[in-house]
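Data from start.pdb: PDB, C-alpha atoms
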```pdb
ATOM      1  CA  VAL F1195      16.278 -22.678  16.159
ATOM      2  CA  GLY F1196      15.619 -26.191  17.437
ATOM      3  CA  GLY F1197      12.519 -28.266  16.928
ATOM      4  CA  ARG F1198      10.239 -26.067  19.050
ATOM      5  CA  SER F1199      11.608 -22.613  18.199
ATOM      6  CA  GLN F1200      11.451 -20.486  15.087
ATOM      7  CA  LEU F1201      13.333 -17.250  14.442
ATOM      8  CA  THR F1202      12.009 -14.890  11.764
ATOM      9  CA  LEU F1203      13.616 -11.709  10.463
ATOM     10  CA  LEU F1204      11.229  -8.909   9.535
ATOM     11  CA  GLY F1205      11.779  -6.031   7.152
ATOM     12  CA  VAL F1206       9.689  -3.628   5.093
ATOM     13  CA  ALA F1207      10.331  -0.192   3.590
ATOM     14  CA  GLY F1208       8.481   2.286   1.423
ATOM     15  CA  THR F1209       8.418   5.862   0.177
ATOM     16  CA  ASP F1210       5.712   8.254  -0.989
ATOM     17  CA  HIS F1211       6.522  11.246  -3.203
ATOM     18  CA  ILE F1212       3.831  13.786  -4.103
ATOM     19  CA  VAL F1213       4.410  16.858  -6.282
ATOM     20  CA  PHE F1214       1.913  19.567  -7.251
ATOM     21  CA  LYS F1215       2.756  22.605  -9.373
ATOM     22  CA  ARG F1216       0.961  25.929  -9.339
ATOM     23  CA  ASP F1217      -1.457  26.791 -12.095
ATOM     24  CA  GLU F1218      -3.850  29.636 -12.671
ATOM     25  CA  GLU F1219      -7.050  27.662 -12.094
ATOM     26  CA  SER F1220      -7.031  25.236  -9.162
ATOM     27  CA  ILE F1221      -3.623  25.048  -7.470
ATOM     28  CA  SER F1222      -2.121  28.175  -5.892
ATOM     29  CA  GLU F1223       0.936  26.539  -4.271
ATOM     30  CA  ASP F1224       3.919  24.390  -5.196
ATOM     31  CA  ILE F1225       3.908  21.252  -3.035
ATOM     32  CA  ASP F1226       6.754  18.760  -2.783
ATOM     33  CA  SER F1227       6.237  16.062  -0.166
ATOM     34  CA  ARG F1228       8.300  12.917   0.413
ATOM     35  CA  ASP F1229       7.689  10.426   3.223
ATOM     36  CA  ARG F1230       9.942   7.452   3.950
ATOM     37  CA  GLN F1231       9.071   4.542   6.240
ATOM     38  CA  ALA F1232      11.013   1.449   7.221
ATOM     39  CA  THR F1233      10.679  -1.299   9.824
ATOM     40  CA  VAL F1234      13.162  -4.022  10.742
ATOM     41  CA  GLY F1235      12.846  -6.596  13.476
ATOM     42  CA  VAL F1236      13.073 -10.153  14.670
ATOM     43  CA  ASN F1237      10.377 -12.535  15.928
ATOM     44  CA  TRP F1238      11.020 -15.571  18.122
ATOM     45  CA  ARG F1239       8.249 -18.188  18.239
ATOM     46  CA  VAL F1240       8.399 -20.902  20.893
ATOM     47  CA  LEU F1241       6.135 -23.956  21.086
ATOM     48  CA  TRP F1242       6.311 -24.818  24.780
ATOM     49  CA  ASN F1243       3.979 -27.812  24.530
ATOM     50  CA  PRO F1244       0.989 -28.872  22.406
ATOM     51  CA  LYS F1245      -1.209 -26.421  24.353
ATOM     52  CA  ALA F1246       1.006 -23.335  24.633
ATOM     53  CA  VAL F1247       2.863 -21.116  22.156
ATOM     54  CA  SER F1248       4.495 -17.711  22.612
ATOM     55  CA  HIS F1249       5.889 -14.937  20.415
ATOM     56  CA  PHE F1250       8.545 -12.361  21.259
ATOM     57  CA  THR F1251       9.170  -9.509  18.816
ATOM     58  CA  LEU F1252      11.729  -6.694  18.814
ATOM     59  CA  SER F1253      11.414  -4.083  16.063
ATOM     60  CA  GLN F1254      12.595  -0.619  15.069
ATOM     61  CA  THR F1255      10.396   1.676  12.967
ATOM     62  CA  TYR F1256      11.768   4.743  11.192
ATOM     63  CA  ASN F1257       9.665   7.523   9.647
ATOM     64  CA  ARG F1258      11.139  10.514   7.799
ATOM     65  CA  TYR F1259       8.881  13.379   6.709
ATOM     66  CA  SER F1260      10.031  16.015   4.217
ATOM     67  CA  ALA F1261       7.645  18.615   2.792
ATOM     68  CA  ASP F1262       7.900  22.067   1.210
ATOM     69  CA  VAL F1263       5.008  24.330   0.251
ATOM     70  CA  GLU F1264       5.623  27.585  -1.622
ATOM     71  CA  ASP F1265       3.309  30.268  -2.983
ATOM     72  CA  ASP F1266       3.806  33.599  -4.754
ATOM     73  CA  GLU F1267       5.239  35.142  -1.555
ATOM     74  CA  GLY F1268       7.828  32.411  -0.961
ATOM     75  CA  LEU F1269       8.094  29.557   1.530
ATOM     76  CA  LEU F1270       4.779  28.887   3.269
ATOM     77  CA  PHE F1271       5.465  25.588   5.054
ATOM     78  CA  ARG F1272       8.406  23.261   5.633
ATOM     79  CA  ASN F1273       8.604  19.979   7.531
ATOM     80  CA  ARG F1274      11.812  18.076   8.272
ATOM     81  CA  SER F1275      10.812  15.585  10.945
ATOM     82  CA  THR F1276      12.011  12.150  12.000
ATOM     83  CA  GLU F1277      10.285   9.630  14.253
ATOM     84  CA  ARG F1278      11.720   6.356  15.547
ATOM     85  CA  TRP F1279       9.849   3.729  17.549
ATOM     86  CA  LEU F1280      11.624   0.868  19.327
ATOM     87  CA  THR F1281       9.001  -1.775  20.187
ATOM     88  CA  TRP F1282       9.141  -5.001  22.185
ATOM     89  CA  THR F1283       6.118  -7.310  22.438
ATOM     90  CA  GLY F1284       5.559 -10.683  24.033
ATOM     91  CA  ASP F1285       2.468 -12.848  24.107
ATOM     92  CA  LEU F1286       1.421 -16.308  25.218
ATOM     93  CA  LEU F1287      -1.491 -18.332  23.812
ATOM     94  CA  ARG F1288      -2.624 -21.337  25.850
ATOM     95  CA  LYS F1289      -5.505 -23.754  25.454
ATOM     96  CA  VAL F1290      -7.560 -24.039  28.641
ATOM     97  CA  GLY F1291     -10.581 -26.307  29.093
ATOM     98  CA  GLY F1292     -11.527 -26.350  25.430
ATOM     99  CA  GLY F1293     -11.054 -22.604  25.075
ATOM    100  CA  GLU F1294      -8.032 -20.335  24.562
ATOM    101  CA  VAL F1295      -6.435 -17.688  26.775
ATOM    102  CA  SER F1296      -4.098 -15.082  25.290
ATOM    103  CA  VAL F1297      -2.042 -12.679  27.406
ATOM    104  CA  GLY F1298       0.570 -10.203  26.261
ATOM    105  CA  VAL F1299       2.671  -7.151  27.096
ATOM    106  CA  GLU F1300       4.146  -4.357  24.988
ATOM    107  CA  ALA F1301       6.782  -1.682  25.588
ATOM    108  CA  ARG F1302       7.498   1.145  23.129
ATOM    109  CA  HIS F1303      10.124   3.893  23.134
ATOM    110  CA  PRO F1304       9.449   6.845  20.795
ATOM    111  CA  ASP F1305      12.330   9.142  19.852
ATOM    112  CA  ALA F1306      11.292  12.001  17.571
ATOM    113  CA  ARG F1307      12.751  15.239  16.228
ATOM    114  CA  HIS F1308      10.247  17.674  14.717
ATOM    115  CA  GLU F1309      11.509  20.618  12.674
ATOM    116  CA  VAL F1310       8.558  22.568  11.270
ATOM    117  CA  PHE F1311       8.218  26.069   9.833
ATOM    118  CA  GLN F1312       4.904  27.697   8.970
ATOM    119  CA  ARG F1313       4.455  31.273   7.779
ATOM    120  CA  SER F1314       1.564  33.276   9.132
ATOM    121  CA  GLU F1315      -1.219  33.877   6.640
ATOM    122  CA  VAL F1316      -4.863  34.743   6.239
ATOM    123  CA  GLY F1317      -6.616  31.847   4.530
ATOM    124  CA  PRO F1318     -10.191  30.790   3.815
ATOM    125  CA  TRP F1319     -10.565  29.673   7.451
ATOM    126  CA  GLY F1320      -9.183  32.880   8.964
ATOM    127  CA  TYR F1321      -5.801  33.932  10.339
ATOM    128  CA  ARG F1322      -3.131  31.284  10.946
ATOM    129  CA  ASP F1323      -0.233  32.236  13.192
ATOM    130  CA  SER F1324       3.374  31.549  12.306
ATOM    131  CA  LEU F1325       5.219  28.535  13.714
ATOM    132  CA  SER F1326       8.913  27.761  14.076
ATOM    133  CA  LEU F1327       9.389  24.420  15.807
ATOM    134  CA  ASP F1328      12.503  22.427  16.667
ATOM    135  CA  GLU F1329      11.480  19.911  19.340
ATOM    136  CA  ARG F1330      12.927  16.607  20.531
ATOM    137  CA  VAL F1331      10.498  14.108  22.088
ATOM    138  CA  ARG F1332      11.507  11.006  24.012
ATOM    139  CA  SER F1333       9.272   8.891  26.186
ATOM    140  CA  PHE F1334       7.890   5.375  26.686
ATOM    141  CA  LYS F1335       4.571   3.558  26.391
ATOM    142  CA  VAL F1336       3.609   0.290  28.048
ATOM    143  CA  GLY F1337       0.553  -1.883  27.548
ATOM    144  CA  ALA F1338      -0.880  -5.276  28.406
ATOM    145  CA  PHE F1339      -3.831  -7.304  27.162
ATOM    146  CA  LEU F1340      -5.861 -10.343  28.170
ATOM    147  CA  GLU F1341      -8.249 -12.223  25.888
ATOM    148  CA  TYR F1342     -10.328 -15.373  26.245
ATOM    149  CA  ARG F1343     -12.030 -17.439  23.577
ATOM    150  CA  SER F1344     -14.611 -19.842  24.897
ATOM    151  CA  PRO F1345     -15.296 -23.278  23.453
ATOM    152  CA  SER F1346     -18.349 -23.483  21.220
ATOM    153  CA  LEU F1347     -21.572 -24.064  23.178
ATOM    154  CA  HIS F1348     -24.457 -25.008  20.859
ATOM    155  CA  GLY F1349     -22.745 -22.995  18.108
ATOM    156  CA  LEU F1350     -22.078 -19.905  20.266
ATOM    157  CA  THR F1351     -18.524 -18.665  20.895
ATOM    158  CA  VAL F1352     -17.802 -15.802  23.320
ATOM    159  CA  ASN F1353     -14.569 -13.818  23.020
ATOM    160  CA  PRO F1354     -14.077 -11.117  25.729
ATOM    161  CA  GLY F1355     -10.889  -9.118  26.087
ATOM    162  CA  VAL F1356      -9.354  -6.045  27.670
ATOM    163  CA  ARG F1357      -6.266  -3.887  27.019
ATOM    164  CA  VAL F1358      -4.568  -1.449  29.408
ATOM    165  CA  ASP F1359      -2.109   1.248  28.244
ATOM    166  CA  HIS F1360       0.008   3.972  29.821
ATOM    167  CA  PHE F1361       1.862   6.770  28.007
ATOM    168  CA  ALA F1362       4.483   8.502  30.163
ATOM    169  CA  LEU F1363       4.627  11.669  28.025
ATOM    170  CA  THR F1364       0.963  12.524  28.633
ATOM    171  CA  GLY F1365       0.363  10.574  31.829
ATOM    172  CA  ASN F1366      -2.707   9.013  30.239
ATOM    173  CA  ARG F1367      -3.840   5.566  31.369
ATOM    174  CA  THR F1368      -6.584   3.873  29.390
ATOM    175  CA  VAL F1369      -8.642   0.700  29.698
ATOM    176  CA  SER F1370     -10.128  -0.693  26.475
ATOM    177  CA  PRO F1371     -12.611  -3.552  26.863
ATOM    178  CA  ARG F1372     -14.025  -5.478  23.910
ATOM    179  CA  LEU F1373     -16.368  -8.384  23.256
ATOM    180  CA  THR F1374     -17.002 -10.607  20.230
ATOM    181  CA  LEU F1375     -19.896 -13.067  19.832
ATOM    182  CA  ARG F1376     -20.068 -15.629  17.033
ATOM    183  CA  TYR F1377     -22.984 -17.941  16.410
ATOM    184  CA  GLN F1378     -22.858 -20.797  13.909
ATOM    185  CA  THR F1379     -26.501 -21.025  12.840
ATOM    186  CA  THR F1380     -25.919 -23.752  10.232
ATOM    187  CA  PRO F1381     -22.812 -25.516   8.877
ATOM    188  CA  SER F1382     -22.669 -22.869   6.116
ATOM    189  CA  THR F1383     -23.921 -19.747   7.949
ATOM    190  CA  ALA F1384     -22.390 -17.813  10.830
ATOM    191  CA  LEU F1385     -23.367 -14.561  12.558
ATOM    192  CA  LYS F1386     -20.862 -12.317  14.279
ATOM    193  CA  ALA F1387     -21.232  -9.241  16.482
ATOM    194  CA  ALA F1388     -18.347  -7.323  17.989
ATOM    195  CA  GLY F1389     -17.997  -4.167  20.027
ATOM    196  CA  GLY F1390     -15.371  -2.395  22.042
ATOM    197  CA  LEU F1391     -13.861   0.789  23.359
ATOM    198  CA  TYR F1392     -10.627   1.830  21.646
ATOM    199  CA  HIS F1393      -8.060   4.528  22.522
ATOM    200  CA  GLN F1394      -5.334   6.192  20.484
ATOM    201  CA  SER F1395      -2.680   8.659  21.590
ATOM    202  CA  ILE F1396      -2.379  12.052  19.928
ATOM    203  CA  PRO F1397       0.334  11.868  17.208
ATOM    204  CA  LEU F1398       3.805  12.868  18.357
ATOM    205  CA  ILE F1399       3.839  15.929  16.093
ATOM    206  CA  GLY F1400       0.734  17.203  17.877
ATOM    207  CA  LEU F1401       2.438  16.729  21.239
ATOM    208  CA  SER F1402       5.476  18.657  19.971
ATOM    209  CA  VAL F1403       3.625  21.624  18.487
ATOM    210  CA  SER F1404       2.085  22.523  21.839
ATOM    211  CA  ARG F1405       2.958  21.172  25.261
ATOM    212  CA  ASP F1406      -0.622  21.980  26.289
ATOM    213  CA  ASN F1407      -1.714  19.108  24.035
ATOM    214  CA  ARG F1408       0.026  16.713  26.424
ATOM    215  CA  THR F1409      -2.708  17.389  28.971
ATOM    216  CA  LEU F1410      -5.430  16.226  26.562
ATOM    217  CA  PRO F1411      -6.997  12.760  26.913
ATOM    218  CA  ASP F1412      -6.379  10.083  24.314
ATOM    219  CA  VAL F1413      -8.742   9.881  21.366
ATOM    220  CA  GLU F1414     -11.575   7.491  22.209
ATOM    221  CA  ALA F1415     -13.819   5.566  19.814
ATOM    222  CA  VAL F1416     -16.624   3.047  20.254
ATOM    223  CA  HIS F1417     -16.692   0.323  17.587
ATOM    224  CA  ALA F1418     -19.657  -1.899  16.780
ATOM    225  CA  ILE F1419     -19.591  -4.492  13.974
ATOM    226  CA  GLU F1420     -22.163  -6.980  12.705
ATOM    227  CA  GLN F1421     -21.410  -9.652  10.090
ATOM    228  CA  MET F1422     -23.034 -12.624   8.449
ATOM    229  CA  GLY F1423     -21.081 -15.217   6.485
ATOM    230  CA  ARG F1424     -22.507 -17.834   4.145
ATOM    231  CA  GLY F1425     -20.820 -20.700   2.388
ATOM    232  CA  VAL F1426     -18.135 -21.003   5.080
ATOM    233  CA  SER F1427     -18.028 -23.217   8.096
ATOM    234  CA  ARG F1428     -16.384 -20.592  10.283
ATOM    235  CA  LEU F1429     -16.543 -16.796  10.372
ATOM    236  CA  GLU F1430     -13.535 -15.395  12.226
TER     237      GLU F1430
END
```

structure tokens encoding of this file:
Amino acid sequence: VGGRSQLTLLGVAGTDHIVFKRDEESISEDIDSRDRQATVGVNWRVLWNPKAVSHFTLSQTYNRYSADVEDDEGLLFRNRSTERWLTWTGDLLRKVGGGEVSVGVEARHPDARHEVFQRSEVGPWGYRDSLSLDERVRSFKVGAFLEYRSPSLHGLTVNPGVRVDHFALTGNRTVSPRLTLRYQTTPSTALKAAGGLYHQSIPLIGLSVSRDNRTLPDVEAVHAIEQMGRGVSRLE
């Protein structure tokens, strides 16, 4: 699309099918599970000038879950659920003073229908109550990030960043900072240390099963990574 623009169509699809049959020794249930996933989208890349480039992506993700579990007493569990995510992202990368600044925004619209049946039973972990669920979930998520990569100073590169997210369905707002340090000790050896705070929303099915789950905070994890690379001039 012109000398400075590039339009790319995106598409991927897959399916997983798992079947287990009852036997007298190890498997007490018939299990038939089939999951289908597909994503289609378009990406627009624009080179504004030699120091700035941006990407804009619009995509639709589709997930279909189908599972049946039966035992000697009949149907134990059934799942017929569909989840769709419409996602728009935009980011800008610009060189500044020998370093790089990256800023971006994201908006996501989940639309899910969860149809789940579960028979009550007494299992190895105790009593499990019955469940009959038919729930529609619609909402939106927005996020933004800022990242800076410093120029190399005596072999040391500093890469701080932060991401902010808000999920309307739960009301949760999270701030996720991160930092990466890379030190080129020799032309063939580099050391890297990275750490950050990461957040993840509870899966949509969990938010459908119980509305009380929508009052829970997002899952939080602290990541710390150390690496050493040899025989390469740069460890990303």

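Note that the spacing between CA of Leu1203 in chain F and CA of Phe1250 in chain F amounts to 11.9 Å.
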
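The residues caught by the PyMOL selection byres ((chain F and resi 1409) around 9) in this file are Thr1364, Gly1365, Asn1366, Arg1405, Asp1406, Asn1407, Arg1408, Leu1410 and Pro1411 of chain F.
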
Create the file for the chosen residues now, containing C-alpha atoms and written as a short mmCIF file (atom, residue, chain, number, x, y, z; two decimals), in the coordinates of the input.
```cif
data_model
loop_
_atom_site.label_atom_id
_atom_site.label_comp_id
_atom_site.auth_asym_id
_atom_site.auth_seq_id
_atom_site.Cartn_x
_atom_site.Cartn_y
_atom_site.Cartn_z
CA THR F 1364 0.96 12.52 28.63
CA GLY F 1365 0.36 10.57 31.83
CA ASN F 1366 -2.71 9.01 30.24
CA ARG F 1405 2.96 21.17 25.26
CA ASP F 1406 -0.62 21.98 26.29
CA ASN F 1407 -1.71 19.11 24.04
CA ARG F 1408 0.03 16.71 26.42
CA LEU F 1410 -5.43 16.23 26.56
CA PRO F 1411 -7.00 12.76 26.91
#
```

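Put simply, CA of Val1413 in chain F is 17.0 Å away from CA of Val1336 in chain F.
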
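Take the candidates F:Thr1233, F:Ser1333, F:Ser1227, F:Ser1314 and check each one against Tyr1259 in chain F using all atoms listed in the file; the shortest distance goes to F:Ser1227.
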
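Using all atoms listed in the file, the smallest distance between any of F:Ser1248, F:Leu1270, F:Val1240, F:Ser1260 and Thr1209 in chain F comes from F:Ser1260.
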
Min atom-atom distance to Ser1296 in chain F from the set F:Leu1340, F:Ala1388, F:Val1358, F:Val1206, counting only C-alpha atoms, belongs to F:Leu1340

Problem set entry | Selection under test: the PyMOL selection byres ((chain F and resi 1342) around 8); residues as number ranges by chain | F: 1293-1296, 1340-1341, 1343-1344, 1353-1355

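Once the PyMOL selection byres ((chain F and resi 1309) around 7) is applied to the depicted file, the selected set reads Asn1273, Arg1274, Ser1275, Arg1307, His1308, Val1310, Phe1311, Leu1327, Asp1328 and Glu1329 of chain F.
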
Please write the residues from the selection above to a file, keeping C-alpha atoms, as an mmCIF file, keeping the file's coordinate frame.
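Output saved as result-v3.cif:
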```cif
data_model
loop_
_atom_site.group_PDB
_atom_site.id
_atom_site.type_symbol
_atom_site.label_atom_id
_atom_site.label_comp_id
_atom_site.auth_asym_id
_atom_site.auth_seq_id
_atom_site.Cartn_x
_atom_site.Cartn_y
_atom_site.Cartn_z
ATOM 1 C CA ASN F 1273 8.604 19.979 7.531
ATOM 2 C CA ARG F 1274 11.812 18.076 8.272
ATOM 3 C CA SER F 1275 10.812 15.585 10.945
ATOM 4 C CA ARG F 1307 12.751 15.239 16.228
ATOM 5 C CA HIS F 1308 10.247 17.674 14.717
ATOM 6 C CA VAL F 1310 8.558 22.568 11.270
ATOM 7 C CA PHE F 1311 8.218 26.069 9.833
ATOM 8 C CA LEU F 1327 9.389 24.420 15.807
ATOM 9 C CA ASP F 1328 12.503 22.427 16.667
ATOM 10 C CA GLU F 1329 11.480 19.911 19.340
#
```

Excluding same-chain residues fewer than 4 positions from range 1261-1269 of chain F, what lies within 10 Å of it counting all atoms listed in the file, as a PDB file with C-alpha atoms, in the frame of the given file?
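Writing the result to selection.pdb gives the following:
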```
ATOM      1  CA  HIS F1211       6.522  11.246  -3.203  1.00  0.00           C
ATOM      2  CA  ILE F1212       3.831  13.786  -4.103  1.00  0.00           C
ATOM      3  CA  VAL F1213       4.410  16.858  -6.282  1.00  0.00           C
ATOM      4  CA  PHE F1214       1.913  19.567  -7.251  1.00  0.00           C
ATOM      5  CA  LYS F1215       2.756  22.605  -9.373  1.00  0.00           C
ATOM      6  CA  ARG F1216       0.961  25.929  -9.339  1.00  0.00           C
ATOM      7  CA  ILE F1221      -3.623  25.048  -7.470  1.00  0.00           C
ATOM      8  CA  SER F1222      -2.121  28.175  -5.892  1.00  0.00           C
ATOM      9  CA  GLU F1223       0.936  26.539  -4.271  1.00  0.00           C
ATOM     10  CA  ASP F1224       3.919  24.390  -5.196  1.00  0.00           C
ATOM     11  CA  ILE F1225       3.908  21.252  -3.035  1.00  0.00           C
ATOM     12  CA  ASP F1226       6.754  18.760  -2.783  1.00  0.00           C
ATOM     13  CA  SER F1227       6.237  16.062  -0.166  1.00  0.00           C
ATOM     14  CA  ARG F1228       8.300  12.917   0.413  1.00  0.00           C
ATOM     15  CA  ASP F1229       7.689  10.426   3.223  1.00  0.00           C
ATOM     16  CA  ASN F1273       8.604  19.979   7.531  1.00  0.00           C
ATOM     17  CA  ARG F1274      11.812  18.076   8.272  1.00  0.00           C
ATOM     18  CA  SER F1275      10.812  15.585  10.945  1.00  0.00           C
ATOM     19  CA  VAL F1310       8.558  22.568  11.270  1.00  0.00           C
ATOM     20  CA  PHE F1311       8.218  26.069   9.833  1.00  0.00           C
ATOM     21  CA  GLN F1312       4.904  27.697   8.970  1.00  0.00           C
ATOM     22  CA  ARG F1313       4.455  31.273   7.779  1.00  0.00           C
TER      23      ARG F1313
END
```

Using all atoms listed in the file, the shortest atom-to-atom distance to Pro1304 in chain F among F:Ser1324, F:Arg1272, F:Phe1361, F:Gly1284 belongs to F:Phe1361

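Candidate residues F:Leu1398, F:Val1403, F:Leu1286, F:Ala1387 were compared for distance to Gly1423 in chain F, and the nearest is F:Ala1387, using all atoms listed in the file.
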
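Residue nearest Arg1332 in chain F within the list F:Asn1257, F:Ser1402, F:Ser1220, F:Asn1243: F:Ser1402 [criterion: smallest interatomic distance, only C-alpha atoms].
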
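CA of His1303 in chain F is positioned 25.6 Å from CA of Ser1326 in chain F.
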
Enclose all atoms of range 1216-1234 of chain F listed in the file in an axis-aligned box, grow every side by 4 Å, and hand back centre and edge lengths in Å to one decimal, as AutoDock Vina command-line options.
```
--center_x 3.1 --center_y 12.8 --center_z -1.0 --size_x 28.2 --size_y 41.7 --size_z 31.4
```

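Summary of the local environment: counting only C-alpha atoms, residues at most 12 Å from Ser1346 in chain F, other than itself and those fewer than 2 positions away along its chain, are Gly1291, Gly1292, Gly1293, Glu1294, Arg1343, Ser1344, His1348, Gly1349, Leu1350, Thr1351, Val1352, Asn1353, Leu1375, Arg1376, Tyr1377, Gln1378, Thr1379 and Arg1428 of chain F.
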
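Using only C-alpha atoms, the set of residues no farther than 7 Å from the position (10.9, 4.2, 5.7) comprises Ala1207, Gly1208, Thr1209, Arg1230, Gln1231, Ala1232, Thr1233, Tyr1256, Asn1257 and Arg1258 of chain F.
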
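Using all atoms listed in the file, the contacts of Ala1415 in chain F at a cut-off of 12 Å, with sequence neighbours closer than 2 positions omitted, comprise Ser1370, Pro1371, Arg1372, Gly1389, Gly1390, Leu1391, Tyr1392, His1393, Gln1394, Ser1395, Asp1412, Val1413, His1417 and Ala1418 of chain F.
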